[in-house]
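J.: Dropping the structure in here first, questions after.
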Amino acid sequence: MLEPARTKVGPRGRVTIPVALQRAAGLAEGAEVIIRVLRPGVVIVETPQAVKDRIRAGIPPTTETASFDAVADVLALRDTDAARTERLSALQEPLNQPASGADPPSM
């Protein structure tokens with residue numbers, strides 16, 4: 001664990017994070033960070049991935065979440081929807097056909 005470092009709030013409210021702390025946190029120039037106030041005088045700086053990891057850590061693993069695959073779920077839903085659409089189209093085709101022996105409607 002690194003020792004705490006002191007810095008100051010500069011012009012326009014900017015705060016410089018010392019290089020040693022940036023490296024320890026895995027922050028590179030241009031990295032996106034999320035800043036939130038924990039309580040007066042305490043600010044938390046996290047990467048989006050750290051926030052996701054923290055949230056996921058609070059969700060107890062189950063057989064459903066352990067094998068959760070959002071992409072597979074979306075693809076399965078899309079396939080189900082496509083199959084329903086095909087079945088509905090097949091059911092509607094006879095409705096558009098003229099009755100046997102009848103002339104098609106003139107337009």
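Residues are named by chain letter and number: chains run A, B, ... in the order of the structure tokens, numbers start at 1 in each chain, and ligands are numbered from 1 in the order shown.
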Pull the helix (DSSP H, G or I) assignments for chain A out of DSSP run on the backbone, and list those residues as an MDAnalysis selection string.

T.: chainID A and resid 11:13 19:25 48:57 63:66 70:96

J.: Compile the contact shell of range 11-20 of chain A as a VMD selection string: residues with an atom at most 12 Å away, counting only C-alpha atoms, same-chain residues fewer than 2 positions apart removed.

T.: chain A and resid 1 to 9 22 to 29 33 35 43 45

J.: Which value, in Å to one decimal, gives the distance between CA of Asp73 in chain A and CA of Ala50 in chain A?

T.: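 Computed distance, CA of Asp73 in chain A to CA of Ala50 in chain A, equals 25.1 Å.
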
J.: Residues at most 10 Å from Glu32 in chain A, counting only C-alpha atoms, excluding those fewer than 6 positions away in the same chain, as an mmCIF file with all heavy atoms, in the first residue's frame?

T.:
```cif
data_model
loop_
_atom_site.group_PDB
_atom_site.id
_atom_site.type_symbol
_atom_site.label_atom_id
_atom_site.label_comp_id
_atom_site.auth_asym_id
_atom_site.auth_seq_id
_atom_site.Cartn_x
_atom_site.Cartn_y
_atom_site.Cartn_z
ATOM 1 N N GLU A 46 -12.822 6.500 -8.894
ATOM 2 C CA GLU A 46 -12.811 5.114 -9.350
ATOM 3 C C GLU A 46 -12.887 5.065 -10.874
ATOM 4 O O GLU A 46 -13.461 5.953 -11.498
ATOM 5 C CB GLU A 46 -14.037 4.352 -8.822
ATOM 6 C CG GLU A 46 -14.116 4.220 -7.321
ATOM 7 C CD GLU A 46 -15.411 3.538 -6.903
ATOM 8 O OE1 GLU A 46 -16.472 4.183 -6.992
ATOM 9 O OE2 GLU A 46 -15.336 2.369 -6.497
ATOM 10 N N THR A 47 -12.351 4.003 -11.427
ATOM 11 C CA THR A 47 -12.536 3.771 -12.855
ATOM 12 C C THR A 47 -13.910 3.133 -13.045
ATOM 13 O O THR A 47 -14.452 2.522 -12.112
ATOM 14 C CB THR A 47 -11.456 2.824 -13.409
ATOM 15 O OG1 THR A 47 -11.597 1.551 -12.764
ATOM 16 C CG2 THR A 47 -10.058 3.386 -13.215
ATOM 17 N N PRO A 48 -14.483 3.246 -14.235
ATOM 18 C CA PRO A 48 -15.771 2.583 -14.470
ATOM 19 C C PRO A 48 -15.706 1.079 -14.187
ATOM 20 O O PRO A 48 -16.645 0.500 -13.654
ATOM 21 C CB PRO A 48 -16.061 2.860 -15.945
ATOM 22 C CG PRO A 48 -15.355 4.160 -16.212
ATOM 23 C CD PRO A 48 -14.104 4.088 -15.377
ATOM 24 N N GLN A 49 -14.587 0.440 -14.521
ATOM 25 C CA GLN A 49 -14.455 -0.996 -14.270
ATOM 26 C C GLN A 49 -14.454 -1.284 -12.777
ATOM 27 O O GLN A 49 -15.047 -2.265 -12.327
ATOM 28 C CB GLN A 49 -13.178 -1.553 -14.915
ATOM 29 C CG GLN A 49 -13.066 -3.063 -14.803
ATOM 30 C CD GLN A 49 -14.217 -3.788 -15.481
ATOM 31 O OE1 GLN A 49 -14.542 -3.506 -16.625
ATOM 32 N NE2 GLN A 49 -14.846 -4.716 -14.789
#
```

J.: How many Å separate CA of Arg54 in chain A from CA of Gly41 in chain A?

T.: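 Between CA of Arg54 in chain A and CA of Gly41 in chain A the gap is 21.9 Å.
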
J.: Let's see if you can do this: from backbone DSSP, list all strand (DSSP E or B) residues in range 17-78 of chain A, as an MDAnalysis selection string.

T.: chainID A and resid 34:39 42:46
